[in-house]
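Enquirer: I'm passing along model20.pdb; it holds PDB, C-alpha atoms (C1' of nucleotides).
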ATOM      1  CA  MET A   1     173.270 135.390  70.663
ATOM      2  CA  ASN A   2     171.228 138.242  69.317
ATOM      3  CA  ASN A   3     172.217 141.852  69.523
ATOM      4  CA  LEU A   4     168.652 142.925  70.061
ATOM      5  CA  SER A   5     167.191 143.459  73.485
ATOM      6  CA  PHE A   6     164.035 141.825  74.696
ATOM      7  CA  PRO A   7     161.660 144.632  73.591
ATOM      8  CA  GLN A   8     163.407 144.872  70.249
ATOM      9  CA  LEU A   9     162.749 141.210  69.569
ATOM     10  CA  VAL A  10     159.150 141.574  70.612
ATOM     11  CA  TYR A  11     158.531 144.392  68.152
ATOM     12  CA  LYS A  12     160.367 142.518  65.467
ATOM     13  CA  TYR A  13     158.238 139.403  65.784
ATOM     14  CA  CYS A  14     155.162 141.560  65.991
ATOM     15  CA  ALA A  15     156.052 143.113  62.666
ATOM     16  CA  LEU A  16     156.552 139.653  61.172
ATOM     17  CA  ILE A  17     152.912 138.747  61.560
ATOM     18  CA  PRO A  18     151.348 138.795  58.071
ATOM     19  CA  LYS A  19     148.239 140.796  57.374
ATOM     20  CA  GLY A  20     145.034 138.932  58.015
ATOM     21  CA  LYS A  21     146.651 136.798  60.708
ATOM     22  CA  ILE A  22     147.255 137.238  64.409
ATOM     23  CA  SER A  23     149.339 135.751  67.164
ATOM     24  CA  THR A  24     149.294 135.470  70.919
ATOM     25  CA  TYR A  25     151.567 136.861  73.585
ATOM     26  CA  LYS A  26     152.537 133.366  74.484
ATOM     27  CA  GLU A  27     153.451 132.462  70.917
ATOM     28  CA  ILE A  28     155.738 135.453  70.726
ATOM     29  CA  ALA A  29     157.233 134.585  74.071
ATOM     30  CA  ARG A  30     157.910 131.108  72.768
ATOM     31  CA  ALA A  31     159.427 132.515  69.596
ATOM     32  CA  LEU A  32     161.817 134.446  71.788
ATOM     33  CA  ASN A  33     162.793 131.166  73.392
ATOM     34  CA  ASN A  34     161.123 132.346  76.613
ATOM     35  CA  PRO A  35     157.792 130.498  76.829
ATOM     36  CA  GLY A  36     157.118 131.964  80.245
ATOM     37  CA  ALA A  37     157.682 135.573  79.233
ATOM     38  CA  ALA A  38     154.169 136.191  77.910
ATOM     39  CA  ARG A  39     153.699 138.825  80.561
ATOM     40  CA  ALA A  40     156.930 140.580  79.721
ATOM     41  CA  VAL A  41     155.901 140.592  76.057
ATOM     42  CA  GLY A  42     152.624 142.312  76.862
ATOM     43  CA  ASN A  43     154.422 144.735  79.088
ATOM     44  CA  THR A  44     156.859 145.563  76.339
ATOM     45  CA  LEU A  45     154.135 146.109  73.757
ATOM     46  CA  ASN A  46     152.365 148.388  76.179
ATOM     47  CA  LYS A  47     155.321 150.737  76.177
ATOM     48  CA  ASN A  48     155.359 150.373  72.422
ATOM     49  CA  PRO A  49     157.768 153.115  71.281
ATOM     50  CA  PHE A  50     156.979 151.994  67.720
ATOM     51  CA  ALA A  51     153.258 152.457  68.230
ATOM     52  CA  PRO A  52     152.149 153.303  64.647
ATOM     53  CA  LEU A  53     154.902 151.249  63.090
ATOM     54  CA  VAL A  54     154.403 147.910  64.787
ATOM     55  CA  PRO A  55     151.118 146.021  64.299
ATOM     56  CA  CYS A  56     150.776 145.256  67.977
ATOM     57  CA  HIS A  57     147.020 144.962  67.417
ATOM     58  CA  ARG A  58     147.696 141.595  65.798
ATOM     59  CA  VAL A  59     148.750 140.170  69.119
ATOM     60  CA  ILE A  60     146.037 138.816  71.376
ATOM     61  CA  ARG A  61     145.707 136.637  74.432
ATOM     62  CA  ALA A  62     146.140 132.867  74.332
ATOM     63  CA  ASN A  63     142.495 132.267  75.236
ATOM     64  CA  GLY A  64     141.332 134.133  72.129
ATOM     65  CA  GLU A  65     140.404 137.399  73.802
ATOM     66  CA  VAL A  66     141.713 140.563  72.221
ATOM     67  CA  GLY A  67     143.378 141.440  75.493
ATOM     68  CA  GLY A  68     144.152 145.107  75.965
ATOM     69  CA  PHE A  69     145.193 148.023  73.876
ATOM     70  CA  ALA A  70     146.729 151.428  74.613
ATOM     71  CA  SER A  71     143.876 153.188  72.797
ATOM     72  CA  GLY A  72     141.229 150.832  74.113
ATOM     73  CA  PRO A  73     140.190 147.317  73.033
ATOM     74  CA  LYS A  74     137.598 148.786  70.675
ATOM     75  CA  ARG A  75     140.350 150.311  68.610
ATOM     76  CA  LYS A  76     142.149 147.011  68.450
ATOM     77  CA  ILE A  77     139.037 145.170  67.337
ATOM     78  CA  ALA A  78     138.275 147.756  64.687
ATOM     79  CA  ILE A  79     141.735 147.386  63.186
ATOM     80  CA  LEU A  80     141.597 143.622  63.228
ATOM     81  CA  ARG A  81     138.292 143.733  61.417
ATOM     82  CA  GLN A  82     139.903 145.888  58.784
ATOM     83  CA  GLU A  83     142.535 143.206  58.364
ATOM     84  CA  GLY A  84     139.774 140.791  57.437
ATOM     85  CA  ILE A  85     139.614 139.025  60.784
ATOM     86  CA  ILE A  86     136.238 138.069  62.143
ATOM     87  CA  ILE A  87     135.778 138.946  65.790
ATOM     88  CA  LYS A  88     133.048 137.496  67.933
ATOM     89  CA  ASP A  89     132.228 139.137  71.241
ATOM     90  CA  ASN A  90     135.752 140.495  71.612
ATOM     91  CA  LYS A  91     137.127 137.061  70.809
ATOM     92  CA  ILE A  92     139.020 135.707  67.833
ATOM     93  CA  ASP A  93     139.138 132.226  66.353
ATOM     94  CA  LEU A  94     142.721 131.253  67.016
ATOM     95  CA  SER A  95     142.544 128.046  64.976
ATOM     96  CA  LYS A  96     141.822 130.161  61.894
ATOM     97  CA  TYR A  97     144.023 133.215  62.308
ATOM     98  CA  LEU A  98     146.809 132.123  64.627
ATOM     99  CA  TYR A  99     150.191 132.585  62.982
ATOM    100  CA  GLU A 100     153.058 130.319  64.017
ATOM    101  CA  PHE A 101     156.546 131.754  64.042
ATOM    102  CA  ASN A 102     159.636 130.062  62.689
ATOM    103  CA  SER A 103     161.682 130.449  65.812
ATOM    104  CA  LYS A 104     164.777 129.305  63.944
ATOM    105  CA  LYS A 105     164.639 131.208  60.712
ATOM    106  CA  SER A 106     162.583 134.329  61.256
ATOM    107  CA  ILE A 107     165.259 136.085  63.207
ATOM    108  CA  LYS A 108     168.803 135.213  63.887
ATOM    109  CA  LYS A 109     169.506 134.384  67.438
TER     110      LYS A 109
ATOM    111  C1'  DG B   1     168.964 144.348  95.771
ATOM    112  C1'  DT B   2     163.928 144.413  97.003
ATOM    113  C1'  DG B   3     159.176 145.316  96.033
ATOM    114  C1'  DT B   4     155.470 146.618  92.892
ATOM    115  C1'  DT B   5     153.248 146.604  88.532
ATOM    116  C1'  DG B   6     151.523 144.777  84.111
ATOM    117  C1'  DA B   7     148.208 144.675  76.934
ATOM    118  C1'  DC B   8     149.607 137.121  80.623
ATOM    119  C1'  DC B   9     148.896 131.807  81.366
ATOM    120  C1'  DA B  10     147.439 127.607  83.609
ATOM    121  C1'  DC B  11     145.133 125.115  87.045
ATOM    122  C1'  DA B  12     141.872 124.213  90.898
ATOM    123  C1'  DG B  13     137.346 124.919  92.989
TER     124       DG B  13
ATOM    125  C1'  DG C   1     130.606 129.118  82.683
ATOM    126  C1'  DC C   2     133.298 132.289  86.295
ATOM    127  C1'  DT C   3     136.446 133.291  90.312
ATOM    128  C1'  DG C   4     140.502 132.711  92.930
ATOM    129  C1'  DT C   5     145.307 131.504  93.404
ATOM    130  C1'  DG C   6     150.073 130.638  91.938
ATOM    131  C1'  DG C   7     153.591 131.124  88.610
ATOM    132  C1'  DC C   8     156.202 133.122  84.971
ATOM    133  C1'  DC C   9     159.184 137.202  83.095
ATOM    134  C1'  DA C  10     160.894 142.047  82.334
ATOM    135  C1'  DA C  11     160.889 147.013  83.505
ATOM    136  C1'  DC C  12     160.743 150.631  86.927
ATOM    137  C1'  DA C  13     160.801 153.172  91.721
TER     138       DA C  13
END
In structure tokens, write the structure found in this file.

Expert:
Amino acid sequence: MNNLSFPQLVYKYCALIPKGKISTYKEIARALNNPGAARAVGNTLNKNPFAPLVPCHRVIRANGEVGGFASGPKRKIAILRQEGIIIKDNKIDLSKYLYEFNSKKSIKK
DNA sequence: GTGTTGACCACAG
DNA sequence: GCTGTGGCCAACA
């Protein structure tokens, strides 16, 4: 049992994504042991009380689209490009940049 | 407790 | 390829 609430875990996993890699809402949801909570994850990141602290821009949709961003998708794309990620027509190559979480070691449950 | 909303996902047509 | 529909979950009014 973790002491952290749902949003806390979301931010935590978000921060675990290494530079130059990205992840999807669904992957995070799965890391939280809630594979169906992709929507809740996105909703939580939207509130994003840790806006400048958490690299929420490294989280994209499962279909490879950048998804949305509080400051606009353009902002998100620009940051990802800075990270060294190649973006094509607002889409990212998941098979190259997708980061898989260790849902058993990354964070204690 | 119910209904609505949302940076989502998967499937069917 | 796109559109529509259903389903999932959490937060808020």

Enquirer: When the cut-off is 7 Å and we count all atoms listed in the file, which residues of chain A are near chain B, given as a ChimeraX atom specification?

Expert: /A:38-39,42-43,45-46,67-69

Enquirer: Mind running chain C against chain A at 7 Å and telling me each contacting residue's nearest atom pair with the distance in Å (one decimal), counting all atoms listed in the file, chain and number ascending, as CSV?

Expert:
residue,atom,partner,partner_atom,distance
C:DC8,C1',A:Gly36,CA,5.0
C:DC9,C1',A:Ala37,CA,4.5
C:DA10,C1',A:Ala40,CA,5.0

Enquirer: Could you jot down the CA of Tyr13 in chain A to C1' of DG6 in chain C separation for me, Å, one decimal place?

Expert: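 Result for CA of Tyr13 in chain A versus C1' of DG6 in chain C: 28.8 Å, one decimal.
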
Enquirer: Specify as a PyMOL selection string each residue included when the PyMOL selection byres ((chain A and resi 82-92) around 6) is applied to this file.

Expert: chain A and resi 20+64-66+79-81+93-94

Enquirer: Go ahead and fit an axis-aligned box to every listed atom of range 2-7 of chain C plus 3 Å each side, and pass me the centre and edge lengths in Å, one decimal, as JSON.

Expert:
{"center_x": 143.4, "center_y": 132.0, "center_z": 89.8, "size_x": 26.3, "size_y": 8.7, "size_z": 13.1}

Enquirer: Expressed in Å to a single decimal, how great is the separation between CA of Pro18 in chain A and CA of Tyr99 in chain A?

Expert: 8.0 Å

Enquirer: Which distance in Å separates CA of Asn63 in chain A and CA of Tyr97 in chain A, to one decimal?

Expert: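 Taking CA of Asn63 in chain A as the start and CA of Tyr97 in chain A as the end point, the length is 13.1 Å.
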
Enquirer: Around (155.8, 149.9, 63.8), as given in the file, which residues come within 12 Å? Count all atoms listed in the file and list them as number ranges by chain.

Expert: A: 8, 10-17, 45, 48-58
